[in-house]
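Asks: First the structure, then my questions, so here it is.
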Amino acid sequence: MADIAEEVGRSFGYNEIPTTQLKMAAKGGYSPKMLFESACGNACRALGYNEIITYSFVSPEIFDRIRLPENSALRNPMRIQNPLGEDTSVMRTTALPSMLDILSRNMAYRNKDVKLYELAKIYLPVAGQLQPNEPKILVLGSYGQNADFFSVKGELEGIFSALRVKKASYTAVKDNPSYHPGRCAEITIDGIAVGYIGQIHPLVAENYDMGCPVYCAEVNMEALMDLKLPEPTYTPLPKFPTVTRDLAIICDDAITVAQAEAVMEKAAGKLLRSIALFDIYRGANIPEGKKSMAFSLSLRADDRTLTDADSEKVVTCVLDALQKELGAILR
């Protein structure tokens, strides 16, 4: 059959035979998950972070070093049947100790300013299931002169922006034993908790022989990918100018910027394009237990130039909502 087919092809003309792909041929290329993780790595490196790759098998002692409660589900790891030693006898259920170990080693080597990231896989046992869940976690770790909570938060938001995920919100958390009770926040996107960010608890830092403030963030990559925005489409540049209005409000000291912004976004409606905080003040002429927060609101319509009346209507709605929901007043 092969010889006959060859003769027919030669007589008919090989160039007349359409090209077909072999049925068993494998198609190469990156999966959407691989492309998402690659984009995350690119964003981290663009922000000055260096990648680390650590072992997935760890010592059971790591749970004590990061102050995990005795009843924590993370203290139930999968044990390796033939470990090389006690230090590598279980599969990690959290990637934070691996990051802290490398940060501690860099500090021992007297590296003054360090920023590291890892796309680490963790292993979470599932009842009645032989194989564990193996989600990937983005872990950021930094210390040094320019490292603080707000710098890490800004860099994390830069990563979210590069990955085109929905806007994140941050809620103060005081009961995470691995983080400082006054400098830790839970990260939520679209109402879904995706991780934590904050300063490592001083007692945990002491367990790793680190004598300076250390800042980390942990984010679930699978949750991030599910919250990714659609691919951007072209929209024409705006034809009408933007109007800016500055508001300074006096509110309780316990009210966060995120709470105020959420109220303003809801009240301002479709004309609001952006909100930017540019000042927080406590002191003279501000009552005890209060603070002043100043915001810049950018307003624009797609079909007309806004009038002063349009802008004042939005500002009035915003101030009414702030007073009703937060008890805030115009300064």
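Here's how to read the names in the structure tokens: chain A, B, ... by the order shown, residue numbers from 1 in each chain, ligand numbers from 1 in the order shown.
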Which neighbours of Tyr179 in chain A fall inside 12 Å, counting only C-alpha atoms, when residues of the same chain fewer than 5 positions from it are skipped, and could you give them as a list in words?
Replies: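 So the residues in contact are Ile66, Arg67, Leu68, Leu96, Phe149, Ala172, Val173, Lys174, Cys184, Ala185, Glu186, Tyr196, Ile197, Gly198, Gln199, Ile200, His201, Pro202, Leu203, Val204, Ala205, Pro213, Val214, Tyr215, Cys216, Ala217 and Glu218 of chain A.
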Asks: Keeping N, CA, C and O atoms, export the residues of the selection given above as a short mmCIF file (atom, residue, chain, number, x, y, z; two decimals), in the first residue's frame.
Replies:
```cif
data_model
loop_
_atom_site.label_atom_id
_atom_site.label_comp_id
_atom_site.auth_asym_id
_atom_site.auth_seq_id
_atom_site.Cartn_x
_atom_site.Cartn_y
_atom_site.Cartn_z
N ILE A 66 6.82 29.64 63.52
CA ILE A 66 5.93 30.72 63.06
C ILE A 66 4.71 30.86 63.97
O ILE A 66 3.75 31.53 63.61
N ARG A 67 4.74 30.22 65.12
CA ARG A 67 3.74 30.38 66.18
C ARG A 67 2.33 29.94 65.76
O ARG A 67 1.34 30.56 66.12
N LEU A 68 2.25 28.86 64.99
CA LEU A 68 0.93 28.34 64.62
C LEU A 68 0.23 27.76 65.85
O LEU A 68 0.87 27.07 66.65
N LEU A 96 5.47 30.27 54.16
CA LEU A 96 6.07 31.37 54.90
C LEU A 96 7.39 30.99 55.57
O LEU A 96 8.36 31.75 55.49
N PHE A 149 5.38 48.43 55.68
CA PHE A 149 4.09 47.86 55.30
C PHE A 149 3.56 48.48 54.02
O PHE A 149 3.08 47.79 53.11
N ALA A 172 -7.77 45.12 58.49
CA ALA A 172 -6.84 44.89 59.58
C ALA A 172 -7.15 43.58 60.30
O ALA A 172 -8.31 43.26 60.56
N VAL A 173 -6.09 42.83 60.61
CA VAL A 173 -6.23 41.54 61.29
C VAL A 173 -5.28 41.54 62.50
O VAL A 173 -4.11 41.92 62.39
N LYS A 174 -5.79 41.11 63.65
CA LYS A 174 -4.97 41.09 64.86
C LYS A 174 -4.72 39.69 65.41
O LYS A 174 -3.97 39.53 66.37
N CYS A 184 -0.88 44.04 60.25
CA CYS A 184 -1.24 42.91 59.40
C CYS A 184 -2.62 43.15 58.82
O CYS A 184 -3.49 43.73 59.48
N ALA A 185 -2.82 42.72 57.58
CA ALA A 185 -4.11 42.89 56.93
C ALA A 185 -4.44 41.66 56.09
O ALA A 185 -3.54 41.03 55.52
N GLU A 186 -5.72 41.34 56.04
CA GLU A 186 -6.20 40.28 55.15
C GLU A 186 -6.53 40.90 53.81
O GLU A 186 -7.15 41.96 53.74
N TYR A 196 -2.61 37.27 53.00
CA TYR A 196 -2.26 38.19 54.09
C TYR A 196 -1.04 39.01 53.70
O TYR A 196 -0.21 38.58 52.89
N ILE A 197 -0.93 40.18 54.34
CA ILE A 197 0.23 41.03 54.16
C ILE A 197 0.51 41.71 55.50
O ILE A 197 -0.42 42.05 56.23
N GLY A 198 1.79 41.89 55.82
CA GLY A 198 2.09 42.59 57.06
C GLY A 198 3.51 42.38 57.53
O GLY A 198 4.34 41.76 56.85
N GLN A 199 3.78 42.92 58.71
CA GLN A 199 5.09 42.74 59.33
C GLN A 199 5.10 41.44 60.12
O GLN A 199 4.14 41.13 60.83
N ILE A 200 6.17 40.69 59.99
CA ILE A 200 6.31 39.44 60.72
C ILE A 200 6.37 39.74 62.21
O ILE A 200 7.01 40.70 62.65
N HIS A 201 5.70 38.91 63.01
CA HIS A 201 5.67 39.10 64.46
C HIS A 201 7.09 39.11 65.02
O HIS A 201 7.93 38.29 64.62
N PRO A 202 7.41 40.03 65.92
CA PRO A 202 8.77 40.09 66.47
C PRO A 202 9.25 38.77 67.07
O PRO A 202 10.44 38.45 66.97
N LEU A 203 8.34 38.01 67.69
CA LEU A 203 8.75 36.72 68.25
C LEU A 203 9.11 35.71 67.15
O LEU A 203 10.03 34.90 67.31
N VAL A 204 8.39 35.77 66.03
CA VAL A 204 8.72 34.90 64.90
C VAL A 204 10.06 35.33 64.30
O VAL A 204 10.91 34.49 63.99
N ALA A 205 10.26 36.65 64.14
CA ALA A 205 11.53 37.13 63.62
C ALA A 205 12.68 36.72 64.53
O ALA A 205 13.77 36.37 64.06
N PRO A 213 12.78 44.74 61.45
CA PRO A 213 11.43 44.46 60.93
C PRO A 213 11.48 43.73 59.59
O PRO A 213 12.25 44.08 58.70
N VAL A 214 10.66 42.70 59.46
CA VAL A 214 10.58 41.89 58.24
C VAL A 214 9.13 41.92 57.76
O VAL A 214 8.19 41.77 58.55
N TYR A 215 8.95 42.11 56.45
CA TYR A 215 7.61 42.24 55.89
C TYR A 215 7.39 41.14 54.85
O TYR A 215 8.27 40.87 54.02
N CYS A 216 6.20 40.53 54.92
CA CYS A 216 5.88 39.44 53.99
C CYS A 216 4.44 39.58 53.50
O CYS A 216 3.62 40.28 54.10
N ALA A 217 4.17 38.90 52.40
CA ALA A 217 2.82 38.80 51.86
C ALA A 217 2.64 37.40 51.30
O ALA A 217 3.57 36.84 50.71
N GLU A 218 1.46 36.83 51.51
CA GLU A 218 1.11 35.51 50.98
C GLU A 218 -0.19 35.63 50.20
O GLU A 218 -1.19 36.09 50.74
#
```
Asks: Please provide the set of residues having any atom within 12 Å of Thr88 in chain A, restricted to only C-alpha atoms, with same-chain residues fewer than 3 positions apart removed, written as a list in words.
Replies: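 The filter keeps Thr54, Tyr55, Ser56, Phe57, Val58, Ser59, Pro60, Glu61, Ile62, Pro77, Met78, Arg79, Ile80, Gln81, Asn82, Pro83, Leu84, Gly85, Met91 and Arg92 of chain A.
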Asks: In Å, how far is it from CA of Ile329 in chain A to CA of Met293 in chain A?
Replies: 10.5 Å
Asks: What parts of range 17-250 of chain A does DSSP call strand (DSSP E)? I'd like the answer as a PyMOL selection string.
Replies: chain A and resi 50-51+57-58+90-91+114-121+136-143+168-172+179-189+192-200+215-220+243-250
Asks: With C-alpha atoms retained, export the selected residues as a PDB file, in the first residue's frame.
Replies:
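Result saved to result.pdb:
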```pdb
ATOM      1  CA  ASN A  50      14.683  38.242  43.226  1.00  0.00           C
ATOM      2  CA  GLU A  51      13.232  34.762  42.814  1.00  0.00           C
ATOM      3  CA  PHE A  57       9.745  18.999  52.309  1.00  0.00           C
ATOM      4  CA  VAL A  58      10.413  20.648  55.645  1.00  0.00           C
ATOM      5  CA  VAL A  90       6.899  16.397  56.029  1.00  0.00           C
ATOM      6  CA  MET A  91       5.439  18.267  53.051  1.00  0.00           C
ATOM      7  CA  VAL A 114      16.703  42.219  50.443  1.00  0.00           C
ATOM      8  CA  LYS A 115      13.525  41.643  48.414  1.00  0.00           C
ATOM      9  CA  LEU A 116      12.619  38.047  47.517  1.00  0.00           C
ATOM     10  CA  TYR A 117       9.641  36.256  45.998  1.00  0.00           C
ATOM     11  CA  GLU A 118       8.661  32.650  45.420  1.00  0.00           C
ATOM     12  CA  LEU A 119       5.851  30.923  43.572  1.00  0.00           C
ATOM     13  CA  ALA A 120       5.729  28.087  46.072  1.00  0.00           C
ATOM     14  CA  LYS A 121       3.600  24.980  45.987  1.00  0.00           C
ATOM     15  CA  LYS A 136       0.604  27.676  44.406  1.00  0.00           C
ATOM     16  CA  ILE A 137       1.222  30.610  46.707  1.00  0.00           C
ATOM     17  CA  LEU A 138       2.977  33.866  45.838  1.00  0.00           C
ATOM     18  CA  VAL A 139       5.176  34.767  48.808  1.00  0.00           C
ATOM     19  CA  LEU A 140       6.920  38.150  49.052  1.00  0.00           C
ATOM     20  CA  GLY A 141       9.565  38.863  51.676  1.00  0.00           C
ATOM     21  CA  SER A 142      11.642  41.954  52.326  1.00  0.00           C
ATOM     22  CA  TYR A 143      13.643  43.833  54.928  1.00  0.00           C
ATOM     23  CA  ALA A 168      -8.122  44.425  46.254  1.00  0.00           C
ATOM     24  CA  SER A 169      -9.196  45.657  49.669  1.00  0.00           C
ATOM     25  CA  TYR A 170      -7.340  45.306  52.961  1.00  0.00           C
ATOM     26  CA  THR A 171      -8.857  44.608  56.377  1.00  0.00           C
ATOM     27  CA  ALA A 172      -6.840  44.891  59.584  1.00  0.00           C
ATOM     28  CA  TYR A 179       2.250  38.600  61.918  1.00  0.00           C
ATOM     29  CA  HIS A 180       2.449  41.737  64.037  1.00  0.00           C
ATOM     30  CA  PRO A 181      -1.031  42.276  65.582  1.00  0.00           C
ATOM     31  CA  GLY A 182      -1.053  45.959  64.643  1.00  0.00           C
ATOM     32  CA  ARG A 183       0.555  45.717  61.206  1.00  0.00           C
ATOM     33  CA  CYS A 184      -1.237  42.905  59.397  1.00  0.00           C
ATOM     34  CA  ALA A 185      -4.114  42.892  56.928  1.00  0.00           C
ATOM     35  CA  GLU A 186      -6.201  40.282  55.151  1.00  0.00           C
ATOM     36  CA  ILE A 187      -6.346  40.740  51.387  1.00  0.00           C
ATOM     37  CA  THR A 188      -9.770  40.327  49.815  1.00  0.00           C
ATOM     38  CA  ILE A 189     -10.784  40.682  46.182  1.00  0.00           C
ATOM     39  CA  ILE A 192     -12.939  36.524  48.486  1.00  0.00           C
ATOM     40  CA  ALA A 193     -10.004  36.213  50.903  1.00  0.00           C
ATOM     41  CA  VAL A 194      -6.819  35.598  48.908  1.00  0.00           C
ATOM     42  CA  GLY A 195      -4.032  36.098  51.453  1.00  0.00           C
ATOM     43  CA  TYR A 196      -2.264  38.190  54.086  1.00  0.00           C
ATOM     44  CA  ILE A 197       0.231  41.033  54.164  1.00  0.00           C
ATOM     45  CA  GLY A 198       2.089  42.585  57.062  1.00  0.00           C
ATOM     46  CA  GLN A 199       5.093  42.743  59.334  1.00  0.00           C
ATOM     47  CA  ILE A 200       6.310  39.440  60.722  1.00  0.00           C
ATOM     48  CA  TYR A 215       7.614  42.235  55.890  1.00  0.00           C
ATOM     49  CA  CYS A 216       5.876  39.445  53.991  1.00  0.00           C
ATOM     50  CA  ALA A 217       2.816  38.796  51.864  1.00  0.00           C
ATOM     51  CA  GLU A 218       1.114  35.506  50.978  1.00  0.00           C
ATOM     52  CA  VAL A 219      -1.347  35.324  48.080  1.00  0.00           C
ATOM     53  CA  ASN A 220      -3.172  32.325  46.625  1.00  0.00           C
ATOM     54  CA  VAL A 243     -13.185  67.943  36.588  1.00  0.00           C
ATOM     55  CA  THR A 244     -11.289  67.670  39.888  1.00  0.00           C
ATOM     56  CA  ARG A 245     -12.797  68.330  43.308  1.00  0.00           C
ATOM     57  CA  ASP A 246     -10.826  68.174  46.579  1.00  0.00           C
ATOM     58  CA  LEU A 247     -12.564  67.164  49.807  1.00  0.00           C
ATOM     59  CA  ALA A 248     -11.145  67.239  53.331  1.00  0.00           C
ATOM     60  CA  ILE A 249     -13.257  65.425  55.910  1.00  0.00           C
ATOM     61  CA  ILE A 250     -13.026  65.013  59.689  1.00  0.00           C
TER      62      ILE A 250
END
```
Asks: Neighbouring residues of Asn146 in chain A were defined as those with any atom within 10 Å, considering only C-alpha atoms; residues of the same chain fewer than 5 positions away were excluded. Please report them as a ChimeraX atom specification.
Replies: /A:113-114,151-152
Asks: Would you give me, as number ranges by chain, the residues in range 12-213 of chain A that DSSP reads as helix (DSSP H, G or I)?
Replies: A: 12, 14-16, 32-46, 62-65, 73-75, 86-88, 96-108, 149-163, 202-207
Asks: I'd like the neighbourhood of Tyr281 in chain A as an mmCIF file with C-alpha atoms, in the first residue's frame, where a residue qualifies if any of its atoms comes within 9 Å (using only C-alpha atoms), though same-chain residues fewer than 5 positions away should be ignored.
Replies:
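So the final result, stored in out-v4.cif, reads:
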```cif
data_model
loop_
_atom_site.group_PDB
_atom_site.id
_atom_site.type_symbol
_atom_site.label_atom_id
_atom_site.label_comp_id
_atom_site.auth_asym_id
_atom_site.auth_seq_id
_atom_site.Cartn_x
_atom_site.Cartn_y
_atom_site.Cartn_z
ATOM 1 C CA ILE A 286 -8.734 68.636 64.979
ATOM 2 C CA LYS A 291 -8.391 62.910 62.031
ATOM 3 C CA SER A 292 -8.617 64.782 58.771
ATOM 4 C CA MET A 293 -8.414 62.946 55.457
ATOM 5 C CA ALA A 294 -8.185 64.841 52.165
#
```
